[in-house]
$ cat work-v3.tsv   # TSV, C-alpha atoms
chain	number	residue	atom	x	y	z
A	1	MET	CA	39.45	-39.75	99.71
A	2	THR	CA	41.77	-42.68	100.32
A	3	LEU	CA	45.46	-42.07	100.95
A	4	ILE	CA	47.69	-44.13	98.68
A	5	SER	CA	51.02	-45.25	100.01
A	6	LYS	CA	54.06	-44.52	97.88
A	7	ASP	CA	54.76	-48.15	96.98
A	8	SER	CA	51.13	-49.33	96.46
A	9	GLN	CA	49.38	-49.91	93.12
A	10	PRO	CA	46.36	-47.55	92.66
A	11	THR	CA	43.04	-49.16	91.76
A	12	SER	CA	41.00	-48.22	88.69
A	13	THR	CA	38.61	-46.26	90.92
A	14	GLN	CA	41.49	-44.32	92.41
A	15	LEU	CA	42.92	-43.62	88.95
A	16	ARG	CA	39.51	-42.43	87.75
A	17	TRP	CA	39.22	-40.07	90.70
A	18	ALA	CA	42.71	-38.73	90.17
A	19	ALA	CA	42.01	-38.08	86.49
A	20	ALA	CA	38.64	-36.47	87.28
A	21	LEU	CA	40.20	-34.15	89.84
A	22	ASN	CA	42.83	-33.20	87.25
A	23	GLY	CA	40.10	-32.14	84.78
A	24	ASP	CA	39.86	-35.20	82.53
A	25	ALA	CA	36.40	-34.94	80.90
A	26	ASN	CA	36.01	-38.69	80.31
A	27	ALA	CA	36.87	-39.50	83.91
A	28	GLN	CA	34.50	-36.82	85.17
A	29	PHE	CA	31.72	-38.28	83.05
A	30	GLU	CA	32.40	-41.76	84.50
A	31	VAL	CA	32.29	-40.36	88.04
A	32	GLY	CA	28.93	-38.86	87.22
A	33	GLU	CA	27.74	-42.23	85.93
A	34	VAL	CA	28.77	-43.91	89.17
A	35	TYR	CA	26.85	-41.38	91.23
A	36	GLN	CA	23.85	-41.83	88.95
A	37	GLN	CA	23.92	-45.61	89.59
A	38	GLN	CA	24.02	-44.86	93.30
A	39	GLN	CA	21.00	-42.55	92.79
A	40	ARG	CA	23.00	-39.60	94.08
A	41	VAL	CA	21.48	-37.25	91.53
A	42	SER	CA	22.96	-33.97	92.78
A	43	ALA	CA	26.50	-35.38	92.74
A	44	ALA	CA	25.95	-36.83	89.27
A	45	LEU	CA	24.79	-33.42	88.04
A	46	ILE	CA	27.91	-31.73	89.42
A	47	TRP	CA	30.33	-34.13	87.74
A	48	TRP	CA	28.46	-34.30	84.44
A	49	GLN	CA	28.46	-30.52	84.35
A	50	ARG	CA	32.22	-30.43	84.96
A	51	ALA	CA	32.70	-33.00	82.21
A	52	ALA	CA	30.48	-31.05	79.80
A	53	GLN	CA	32.38	-27.85	80.48
A	54	ASN	CA	35.56	-29.72	79.63
A	55	GLY	CA	34.18	-30.89	76.31
A	56	SER	CA	32.36	-34.17	76.98
A	57	LYS	CA	29.43	-34.47	74.56
A	58	LYS	CA	28.18	-37.57	76.38
A	59	ALA	CA	27.97	-35.62	79.63
A	60	LEU	CA	26.08	-32.83	77.87
A	61	GLU	CA	23.60	-35.35	76.48
A	62	ARG	CA	23.09	-36.75	79.99
A	63	LEU	CA	22.42	-33.27	81.37
A	64	GLN	CA	19.97	-32.44	78.60
A	65	SER	CA	18.02	-35.66	79.07
A	66	LYS	CA	18.12	-35.90	82.88
A	67	PHE	CA	17.74	-32.20	83.72
A	68	PRO	CA	15.70	-30.55	80.92
A	69	GLN	CA	14.51	-27.87	83.34
A	70	HIS	CA	17.99	-26.33	83.07
A	71	SER	CA	18.09	-26.49	79.26
A	72	LYS	CA	19.31	-22.91	78.85
A	73	ARG	CA	22.31	-23.65	81.10
A	74	TRP	CA	23.20	-26.67	78.96
A	75	LEU	CA	22.79	-24.65	75.76
A	76	ASN	CA	25.25	-22.11	77.10
A	77	ILE	CA	27.77	-24.84	77.83
A	78	ALA	CA	27.31	-26.32	74.36
A	79	ALA	CA	27.69	-22.89	72.77
A	80	GLU	CA	30.92	-22.33	74.69
A	81	GLN	CA	32.16	-25.59	73.19
A	82	GLY	CA	31.51	-24.24	69.70
A	83	ASP	CA	28.17	-25.92	69.02
A	84	GLU	CA	26.60	-23.73	66.30
A	85	HIS	CA	23.15	-25.26	66.75
A	86	ALA	CA	23.19	-24.42	70.46
A	87	THR	CA	24.34	-20.89	69.69
A	88	ALA	CA	21.46	-20.46	67.24
A	89	GLN	CA	18.98	-21.72	69.85
A	90	LEU	CA	20.32	-19.29	72.44
A	91	ALA	CA	20.16	-16.45	69.93
A	92	GLU	CA	16.52	-17.22	69.19
A	93	LEU	CA	15.63	-17.35	72.89
A	94	ALA	CA	17.44	-14.08	73.52
A	95	LEU	CA	15.66	-12.36	70.62
A	96	ASN	CA	12.34	-12.89	72.34
A	97	ASP	CA	13.63	-12.09	75.83
A	98	PRO	CA	12.33	-8.69	77.03
A	99	THR	CA	15.19	-8.37	79.50
A	100	ILE	CA	17.89	-8.43	76.81
A	101	SER	CA	18.52	-5.23	74.86
A	102	TRP	CA	19.27	-5.08	71.15
A	103	PRO	CA	22.91	-3.95	71.64
A	104	ASP	CA	23.52	-6.86	74.04
A	105	TRP	CA	21.99	-9.34	71.62
A	106	TYR	CA	23.88	-7.96	68.66
A	107	SER	CA	27.23	-7.92	70.45
A	108	ARG	CA	26.88	-11.60	71.35
A	109	PHE	CA	25.01	-13.14	68.44
A	110	GLY	CA	24.81	-10.62	65.61
A	111	GLN	CA	27.95	-11.61	63.75
A	112	SER	CA	26.98	-15.26	63.52
A	113	GLU	CA	23.19	-15.04	63.25
A	114	LEU	CA	22.60	-12.14	60.85
A	115	SER	CA	23.21	-12.45	57.12
A	116	GLY	CA	25.65	-10.10	55.49
A	117	GLY	CA	22.80	-8.28	53.79
A	118	ALA	CA	20.96	-7.68	57.06
A	119	SER	CA	24.13	-6.53	58.82
A	120	ALA	CA	24.74	-3.99	56.06
A	121	LEU	CA	21.45	-2.30	56.94
A	122	ILE	CA	22.24	-1.64	60.62
A	123	ALA	CA	22.95	2.04	61.19
A	124	SER	CA	25.08	1.58	64.32
A	125	LYS	CA	27.48	-0.65	62.39
A	126	ASN	CA	27.53	1.21	59.07
A	127	ALA	CA	27.19	4.84	60.18
A	128	PRO	CA	29.67	6.39	57.68
A	129	SER	CA	27.82	4.93	54.68
A	130	CYS	CA	24.26	5.69	55.84
A	131	THR	CA	22.82	8.70	54.04
A	132	ARG	CA	19.49	8.25	55.81
A	133	VAL	CA	18.50	6.33	58.90
A	134	VAL	CA	15.03	4.89	59.45
A	135	PRO	CA	14.21	4.22	63.11
A	136	VAL	CA	12.39	0.97	63.92
A	137	VAL	CA	10.34	1.62	67.05
A	138	ALA	CA	9.13	-1.14	69.38
A	139	ARG	CA	7.47	-1.14	72.77
A	140	SER	CA	9.26	-4.24	74.05
A	141	ASN	CA	12.74	-5.69	73.71
A	142	ALA	CA	10.96	-8.95	72.99
A	143	SER	CA	10.27	-7.51	69.50
A	144	LYS	CA	13.93	-7.87	68.56
A	145	ALA	CA	12.98	-10.97	66.57
A	146	ARG	CA	10.68	-8.85	64.43
A	147	TYR	CA	13.46	-6.33	63.89
A	148	VAL	CA	15.75	-9.08	62.65
A	149	ALA	CA	12.95	-10.41	60.41
A	150	LEU	CA	12.55	-6.91	58.97
A	151	LEU	CA	16.28	-6.55	58.28
A	152	GLU	CA	16.45	-9.94	56.61
A	153	ALA	CA	13.30	-9.32	54.54
A	154	ILE	CA	14.41	-5.92	53.27
A	155	SER	CA	17.95	-7.10	52.55
A	156	GLY	CA	16.39	-9.52	50.07
A	157	ILE	CA	15.09	-6.72	47.83
A	158	GLN	CA	17.55	-3.93	48.62
A	159	ASN	CA	19.68	-2.90	45.70
A	160	GLU	CA	23.33	-3.59	46.55
A	161	SER	CA	24.32	-0.17	45.28
A	162	SER	CA	21.95	1.50	47.76
A	163	ALA	CA	22.28	-0.92	50.68
A	164	GLY	CA	24.51	1.53	52.54
A	165	GLN	CA	22.29	4.52	51.81
A	166	VAL	CA	19.19	3.52	53.78
A	167	CYS	CA	19.98	2.06	57.21
A	168	PHE	CA	17.88	1.12	60.23
A	169	ALA	CA	18.19	1.90	63.91
A	170	TRP	CA	16.46	0.03	66.75
A	171	GLN	CA	14.51	2.17	69.21
A	172	HIS	CA	13.07	0.75	72.42
A	173	ARG	CA	10.08	2.87	73.46
A	174	PRO	CA	8.37	1.23	76.46
A	175	LYS	CA	5.54	3.79	76.61
A	176	GLN	CA	4.52	3.38	73.00
A	177	HIS	CA	0.83	2.55	72.72
A	178	CYS	CA	-0.81	0.87	69.75
A	179	SER	CA	-4.46	0.01	69.21
A	180	VAL	CA	-6.56	-1.69	66.54
A	181	THR	CA	-9.34	0.12	64.68
A	182	ALA	CA	-12.70	-1.34	63.68
A	183	SER	CA	-11.18	-2.19	60.29
A	184	GLN	CA	-8.41	-4.14	62.07
A	185	GLN	CA	-5.80	-1.55	61.17
A	186	ALA	CA	-2.93	-1.03	63.61
A	187	VAL	CA	-2.65	2.54	64.90
A	188	CYS	CA	0.23	3.66	67.11
A	189	ASP	CA	0.81	6.79	69.16
A	190	GLU	CA	3.50	8.81	67.40
A	191	THR	CA	3.84	11.54	70.01
A	192	GLY	CA	7.47	12.56	70.27
A	193	LEU	CA	8.47	10.64	67.15
A	194	THR	CA	9.84	13.05	64.58
A	195	GLY	CA	12.00	12.94	61.50
A	196	ASP	CA	11.36	13.21	57.79
A	197	THR	CA	13.38	10.16	56.79
A	198	GLY	CA	10.55	7.79	57.64
A	199	LYS	CA	9.93	5.52	60.61
A	200	ILE	CA	8.73	1.96	61.10
A	201	LEU	CA	6.49	1.11	64.05
A	202	LEU	CA	6.16	-2.46	65.30
A	203	ALA	CA	2.59	-2.88	66.52
A	204	GLN	CA	1.45	-5.84	68.60
A	205	ALA	CA	-1.69	-6.46	66.52
A	206	GLY	CA	-3.60	-5.22	63.50
A	207	ARG	CA	-3.01	-4.97	59.75
A	208	SER	CA	0.19	-3.60	58.29
A	209	TYR	CA	0.18	-0.55	56.04
A	210	THR	CA	2.29	2.38	54.84
A	211	ARG	CA	1.59	6.09	54.59
A	212	PRO	CA	3.76	9.21	54.26
A	213	ASN	CA	6.89	8.79	56.37
A	214	THR	CA	5.41	5.96	58.44
A	215	MET	CA	5.15	2.20	58.09
A	216	VAL	CA	3.18	0.23	60.67
A	217	LEU	CA	3.81	-3.51	60.83
A	218	GLY	CA	1.40	-5.74	62.70
A	219	GLN	CA	2.48	-8.74	64.73
A	220	SER	CA	1.57	-11.15	61.93
A	221	ALA	CA	3.47	-9.33	59.16
A	222	THR	CA	5.32	-11.97	57.15
A	223	PRO	CA	8.59	-11.32	55.31
A	224	GLU	CA	6.56	-11.03	52.10
A	225	VAL	CA	4.29	-8.37	53.61
A	226	ILE	CA	7.33	-6.47	54.90
A	227	ARG	CA	8.93	-6.53	51.45
A	228	HIS	CA	5.69	-5.37	49.83
A	229	GLU	CA	5.34	-2.43	52.20
A	230	TRP	CA	9.00	-1.46	51.94
A	231	ALA	CA	8.80	-1.60	48.14
A	232	HIS	CA	6.34	1.29	48.25
A	233	TRP	CA	9.10	3.37	49.79
A	234	LEU	CA	11.39	2.31	46.96
A	235	GLY	CA	8.96	3.80	44.43
A	236	PHE	CA	6.77	0.78	43.57
A	237	ALA	CA	2.99	0.90	43.29
A	238	ASP	CA	0.53	-1.94	43.75
A	239	GLU	CA	0.02	-4.18	40.74
A	240	TYR	CA	-3.29	-5.54	42.02
A	241	ALA	CA	-6.58	-3.62	41.84
A	242	MET	CA	-6.48	-0.67	44.22
A	243	ARG	CA	-9.59	0.18	46.20
A	244	MET	CA	-11.43	3.46	45.97
A	245	PRO	CA	-10.77	6.31	46.68
A	246	TYR	CA	-7.04	5.54	46.49
A	247	ALA	CA	-7.40	4.02	43.03
A	248	ARG	CA	-9.02	7.18	41.68
A	249	ASN	CA	-6.35	9.47	43.11
A	250	PHE	CA	-3.53	7.27	41.87
A	251	CYS	CA	-4.90	6.46	38.42
A	252	MET	CA	-5.87	10.06	37.69
A	253	GLY	CA	-2.26	11.10	38.25
A	254	ARG	CA	-2.67	12.78	41.63
A	255	TYR	CA	0.63	11.67	43.10
A	256	ALA	CA	3.92	13.44	43.64
A	257	GLN	CA	6.14	11.29	41.43
A	258	GLN	CA	5.67	8.56	38.89
A	259	PRO	CA	6.06	5.05	40.27
A	260	VAL	CA	8.85	2.97	38.83
A	261	ASN	CA	6.77	-0.10	37.94
A	262	ILE	CA	3.42	1.27	36.72
A	263	VAL	CA	2.38	3.63	33.94
A	264	VAL	CA	-1.22	4.69	33.35
A	265	THR	CA	-2.79	5.48	29.98
A	266	GLU	CA	-6.20	6.88	29.07
A	267	LYS	CA	-6.78	4.42	26.24
A	268	PRO	CA	-5.68	0.92	25.21
A	269	THR	CA	-4.69	1.91	21.67
A	270	MET	CA	-2.26	4.52	20.33
A	271	SER	CA	-0.79	5.89	17.14
A	272	SER	CA	2.87	5.38	16.34
A	273	SER	CA	3.85	8.80	17.63
A	274	GLU	CA	1.86	8.32	20.82
A	275	LEU	CA	3.40	4.91	21.37
A	276	GLN	CA	6.90	6.31	20.91
A	277	ALA	CA	6.11	9.05	23.42
A	278	LEU	CA	4.89	6.40	25.87
A	279	TRP	CA	8.07	4.38	25.33
A	280	ARG	CA	10.22	7.42	26.14
A	281	ARG	CA	8.42	8.10	29.43
A	282	LEU	CA	8.54	4.54	30.69
A	283	PRO	CA	10.75	4.21	33.81
A	284	TRP	CA	12.02	0.98	32.27
A	285	SER	CA	12.47	2.33	28.71
A	286	SER	CA	16.24	1.77	28.79
A	287	HIS	CA	15.55	-1.97	29.03
A	288	ILE	CA	13.43	-2.03	25.83
A	289	SER	CA	15.35	-1.82	22.58
A	290	ASP	CA	12.41	-1.01	20.26
A	291	TRP	CA	9.18	0.90	20.95
A	292	ARG	CA	7.28	-1.54	18.72
A	293	LYS	CA	7.74	-4.22	21.38
A	294	LEU	CA	5.15	-2.41	23.51
A	295	ALA	CA	2.15	-3.11	21.29
A	296	ARG	CA	0.64	-5.09	18.41
A	297	PRO	CA	-0.14	-3.40	15.09
A	298	LEU	CA	-3.80	-2.93	14.20
A	299	GLY	CA	-3.29	-1.19	10.85
A	300	GLU	CA	-3.82	2.43	9.78
A	301	ASP	CA	-1.14	3.61	12.21
A	302	GLN	CA	-2.90	2.14	15.25
A	303	TRP	CA	-1.35	-0.07	17.90
A	304	GLN	CA	-2.97	-2.26	20.54
A	305	LEU	CA	-1.05	-1.72	23.78
A	306	GLY	CA	0.49	-4.79	25.36
A	307	SER	CA	3.56	-6.81	24.53
A	308	SER	CA	2.87	-10.03	22.66
A	309	SER	CA	5.66	-12.00	24.29
A	310	ALA	CA	5.53	-13.16	27.90
A	311	HIS	CA	9.32	-13.14	28.00
A	312	GLY	CA	11.49	-10.17	28.83
A	313	VAL	CA	10.73	-6.54	29.58
A	314	GLY	CA	7.80	-4.92	27.83
A	315	LEU	CA	4.32	-3.57	28.54
A	316	TYR	CA	1.87	-5.85	30.29
A	317	ALA	CA	-1.59	-5.16	31.72
A	318	ALA	CA	-1.79	-4.59	35.48
A	319	GLN	CA	-4.96	-4.56	37.57
A	320	THR	CA	-3.98	-1.39	39.46
A	321	CYS	CA	-6.63	0.83	37.87
A	322	ALA	CA	-9.36	-1.79	37.35
A	323	ALA	CA	-11.76	0.22	39.53
A	324	VAL	CA	-11.33	3.45	37.52
A	325	PRO	CA	-13.13	3.60	34.14
A	326	GLY	CA	-11.05	4.98	31.32
A	327	ARG	CA	-7.70	4.32	32.96
A	328	TYR	CA	-5.36	1.47	32.01
A	329	ALA	CA	-2.37	0.42	34.10
A	330	TRP	CA	0.73	-1.27	32.69
A	331	LYS	CA	3.73	-2.99	34.26
A	332	PRO	CA	7.12	-4.00	32.83
A	333	LEU	CA	6.92	-7.78	33.30
A	334	ALA	CA	4.29	-10.41	32.65
A	335	GLN	CA	5.19	-12.45	35.71
A	336	GLU	CA	3.39	-12.07	39.00
A	337	THR	CA	5.51	-10.20	41.55
A	338	LEU	CA	5.11	-9.49	45.25
A	339	MET	CA	3.57	-6.13	44.29
A	340	GLU	CA	0.64	-8.08	42.85
A	341	ARG	CA	0.46	-10.95	45.30
A	342	HIS	CA	2.92	-10.73	48.14
A	343	GLN	CA	2.85	-14.48	48.80
A	344	SER	CA	4.53	-15.03	45.45
A	345	GLY	CA	7.73	-13.58	46.93
A	346	VAL	CA	8.95	-12.76	43.41
A	347	TRP	CA	11.27	-9.76	43.20
A	348	PRO	CA	12.69	-9.60	39.65
A	349	ASP	CA	16.22	-8.45	38.92
A	350	LEU	CA	14.73	-5.59	36.93
A	351	TYR	CA	13.07	-4.24	40.08
A	352	ASN	CA	16.46	-4.05	41.75
A	353	LEU	CA	17.53	-1.74	38.93
A	354	LEU	CA	14.36	0.37	39.00
A	355	GLN	CA	14.08	1.06	42.71
A	356	GLN	CA	14.57	4.64	43.86
A	357	PRO	CA	14.92	5.14	47.63
A	358	ALA	CA	14.62	8.88	46.98
A	359	LEU	CA	10.87	8.26	46.71
A	360	LEU	CA	10.78	7.38	50.39
A	361	HIS	CA	8.49	10.32	51.15
A	362	ASP	CA	5.96	9.78	48.37
A	363	GLY	CA	2.81	8.92	50.30
A	364	GLU	CA	0.52	8.32	47.33
A	365	LEU	CA	2.43	5.23	46.26
A	366	SER	CA	1.98	3.66	49.66
A	367	GLN	CA	-1.18	5.19	51.07
A	368	HIS	CA	-3.31	2.44	49.64
A	369	GLN	CA	-4.71	1.07	52.93
A	370	ASN	CA	-3.94	-2.41	51.69
A	371	GLY	CA	-7.22	-4.34	51.73
A	372	ALA	CA	-5.31	-7.46	50.84
A	373	GLN	CA	-4.50	-8.05	54.48
A	374	LYS	CA	-8.21	-8.45	55.23
A	375	GLY	CA	-8.51	-11.09	52.54
A	376	GLU	CA	-10.30	-8.77	50.09
A	377	LYS	CA	-7.68	-8.96	47.36
A	378	PRO	CA	-5.88	-11.82	45.63
A	379	ASN	CA	-2.53	-10.95	47.17
A	380	GLU	CA	-3.61	-12.12	50.62

$ encode --input "work-v3.tsv" --output "structure tokens"
Amino acid sequence: MTLISKDSQPTSTQLRWAAALNGDANAQFEVGEVYQQQQRVSAALIWWQRAAQNGSKKALERLQSKFPQHSKRWLNIAAEQGDEHATAQLAELALNDPTISWPDWYSRFGQSELSGGASALIASKNAPSCTRVVPVVARSNASKARYVALLEAISGIQNESSAGQVCFAWQHRPKQHCSVTASQQAVCDETGLTGDTGKILLAQAGRSYTRPNTMVLGQSATPEVIRHEWAHWLGFADEYAMRMPYARNFCMGRYAQQPVNIVVTEKPTMSSSELQALWRRLPWSSHISDWRKLARPLGEDQWQLGSSSAHGVGLYAAQTCAAVPGRYAWKPLAQETLMERHQSGVWPDLYNLLQQPALLHDGELSQHQNGAQKGEKPNE
């Protein structure tokens, strides 16, 4: 440092140094530039970092381009300056970091990174309104990203009126072991895991599936697959052709409760009285104003099942029972939904009204061993 006499005129260099020492971000950036020109890299780094911490975007750009090996440090500085993009990048890195717990991630990033719908499903935040809590069990904290994906996926099909009823709780279980069977199905050790409200296991590999009280999600489970599996616990059956022997059990009526999106008949034609009886037992009957909309007249008091219009709620053929002779499956809408082909991603408004979380324990609706995930069905 150079001492400046009381009556002398300071030079521009001296003024820059004085400003930099007093915390001026622009001056600190310029000092860093000078050191960079002198090839004094360490000194340049120090002053650019000071400038960045004081709000200099130019200094932050220099740090990111000249010292990419410290990118996380620069992201933290940018986040502290209110950079939303940097915060999102840090949140994503932290989601996959096995050293960061879910509570730590949520306390720092949850409010900004999670949608309102996903936040409403977290048990620790919404305890008073949760009538049932479903644990989501993972072996590694690095699976937090999958937990967030699950919350976001389910929030997209969760009825707003029941969003506070079914909540989810993260469980870190380091000793959990999962394997893959010859059919590529994920199987996880459930020793010590109890509870009749259902549980979701995050496996590292294998196909996803649901069965009574348990859902197993493989590493590659997409949001559409997650929604499809969760929909089974909301009372929805598959709308694509089930495989034997599950198709036989389902289509012959061997399940605890009727699904909310499928009805099965023993014949494709009915009399007027039979058709009216069918109309009354439809889970979606309240959305159909006239029983005659379910079929086409054939004459002599006979009706051919199936709505003639492809618009609105009615009775439309589903492939669910295609493998079972003498059984015909029907769904409420003509459009293809994620229960028929999960890639479609379609979740009609009607299905929000039909869902019944009380069916969470009905295994027959979900114990289909979904062959679609092996590419055997059209919904893969």

$ closest_atom_pairs --input "work-v3.tsv" --of "segment 119-151 of chain A" --to "segment 106-110 of chain A" --cutoff "10 Å" --atoms "all atoms listed in the file" --output "JSON lines"
{"residue": "A:Ser119", "atom": "CA", "partner": "A:Gly110", "partner_atom": "CA", "distance": 8.0}
{"residue": "A:Lys144", "atom": "CA", "partner": "A:Tyr106", "partner_atom": "CA", "distance": 10.0}
{"residue": "A:Val148", "atom": "CA", "partner": "A:Gly110", "partner_atom": "CA", "distance": 9.7}

$ atom_distance --input "work-v3.tsv" --atom1 "atom CA of Ala186 of chain A" --atom2 "atom CA of Ser220 of chain A"
11.2 Å

$ residues_around --input "work-v3.tsv" --residues "Leu278 of chain A" --least-positions-apart "3" --cutoff "9 Å" --atoms "only C-alpha atoms" --output "ChimeraX atom specification"
/A:263,265,273-275,281-282,291

$ atom_distance --input "work-v3.tsv" --atom1 "atom CA of Ile288 of chain A" --atom2 "atom CA of Gly314 of chain A"
6.6 Å

$ closest_residue --input "work-v3.tsv" --among "A:His232, A:Arg16, A:Lys72, A:Arg227" --to "Arg211 of chain A" --atoms "all atoms listed in the file"
A:His232

$ residues_around --input "work-v3.tsv" --residues "segment 87-92 of chain A" --least-positions-apart "3" --cutoff "7 Å" --atoms "all atoms listed in the file" --output "short mmCIF file (atom, residue, chain, number, x, y, z; two decimals) with C-alpha atoms, in the coordinates of the input"
data_model
loop_
_atom_site.label_atom_id
_atom_site.label_comp_id
_atom_site.auth_asym_id
_atom_site.auth_seq_id
_atom_site.Cartn_x
_atom_site.Cartn_y
_atom_site.Cartn_z
CA LEU A 75 22.79 -24.65 75.76
CA ALA A 79 27.69 -22.89 72.77
CA ASP A 83 28.17 -25.92 69.02
CA GLU A 84 26.60 -23.73 66.30
CA LEU A 95 15.66 -12.36 70.62
CA ASN A 96 12.34 -12.89 72.34
CA PHE A 109 25.01 -13.14 68.44
CA GLU A 113 23.19 -15.04 63.25
#

$ residues_around --input "work-v3.tsv" --residues "Gln319 of chain A" --least-positions-apart "6" --cutoff "8 Å" --atoms "all atoms listed in the file" --output "count of residues only"
5

$ atom_distance --input "work-v3.tsv" --atom1 "atom CA of Asp97 of chain A" --atom2 "atom CA of Thr181 of chain A"
28.3 Å

$ axis_aligned_box --input "work-v3.tsv" --around "segment 101-115 of chain A" --padding-each-side "8 Å" --output "JSON"
{"center_x": 23.2, "center_y": -9.6, "center_z": 66.0, "size_x": 25.4, "size_y": 27.3, "size_z": 33.7}

$ residues_around --input "work-v3.tsv" --residues "Tyr328 of chain A" --least-positions-apart "6" --cutoff "8 Å" --atoms "all atoms listed in the file" --output "mmCIF file with C-alpha atoms, keeping the file's coordinate frame"
data_model
loop_
_atom_site.group_PDB
_atom_site.id
_atom_site.type_symbol
_atom_site.label_atom_id
_atom_site.label_comp_id
_atom_site.auth_asym_id
_atom_site.auth_seq_id
_atom_site.Cartn_x
_atom_site.Cartn_y
_atom_site.Cartn_z
ATOM 1 C CA VAL A 264 -1.220 4.690 33.350
ATOM 2 C CA THR A 265 -2.790 5.480 29.980
ATOM 3 C CA GLU A 266 -6.200 6.880 29.070
ATOM 4 C CA LYS A 267 -6.780 4.420 26.240
ATOM 5 C CA PRO A 268 -5.680 0.920 25.210
ATOM 6 C CA ALA A 317 -1.590 -5.160 31.720
ATOM 7 C CA ALA A 318 -1.790 -4.590 35.480
ATOM 8 C CA CYS A 321 -6.630 0.830 37.870
ATOM 9 C CA ALA A 322 -9.360 -1.790 37.350
#

$ residues_around --input "work-v3.tsv" --residues "Ile154 of chain A" --least-positions-apart "2" --cutoff "8 Å" --atoms "all atoms listed in the file" --output "PDB file with C-alpha atoms, in the frame of the given file"
ATOM      1  CA  ALA A 118      20.960  -7.680  57.060  1.00  0.00           C
ATOM      2  CA  LEU A 150      12.550  -6.910  58.970  1.00  0.00           C
ATOM      3  CA  LEU A 151      16.280  -6.550  58.280  1.00  0.00           C
ATOM      4  CA  GLU A 152      16.450  -9.940  56.610  1.00  0.00           C
ATOM      5  CA  GLY A 156      16.390  -9.520  50.070  1.00  0.00           C
ATOM      6  CA  ILE A 157      15.090  -6.720  47.830  1.00  0.00           C
ATOM      7  CA  GLN A 158      17.550  -3.930  48.620  1.00  0.00           C
ATOM      8  CA  ILE A 226       7.330  -6.470  54.900  1.00  0.00           C
ATOM      9  CA  ARG A 227       8.930  -6.530  51.450  1.00  0.00           C
ATOM     10  CA  TRP A 230       9.000  -1.460  51.940  1.00  0.00           C
TER      11      TRP A 230
END
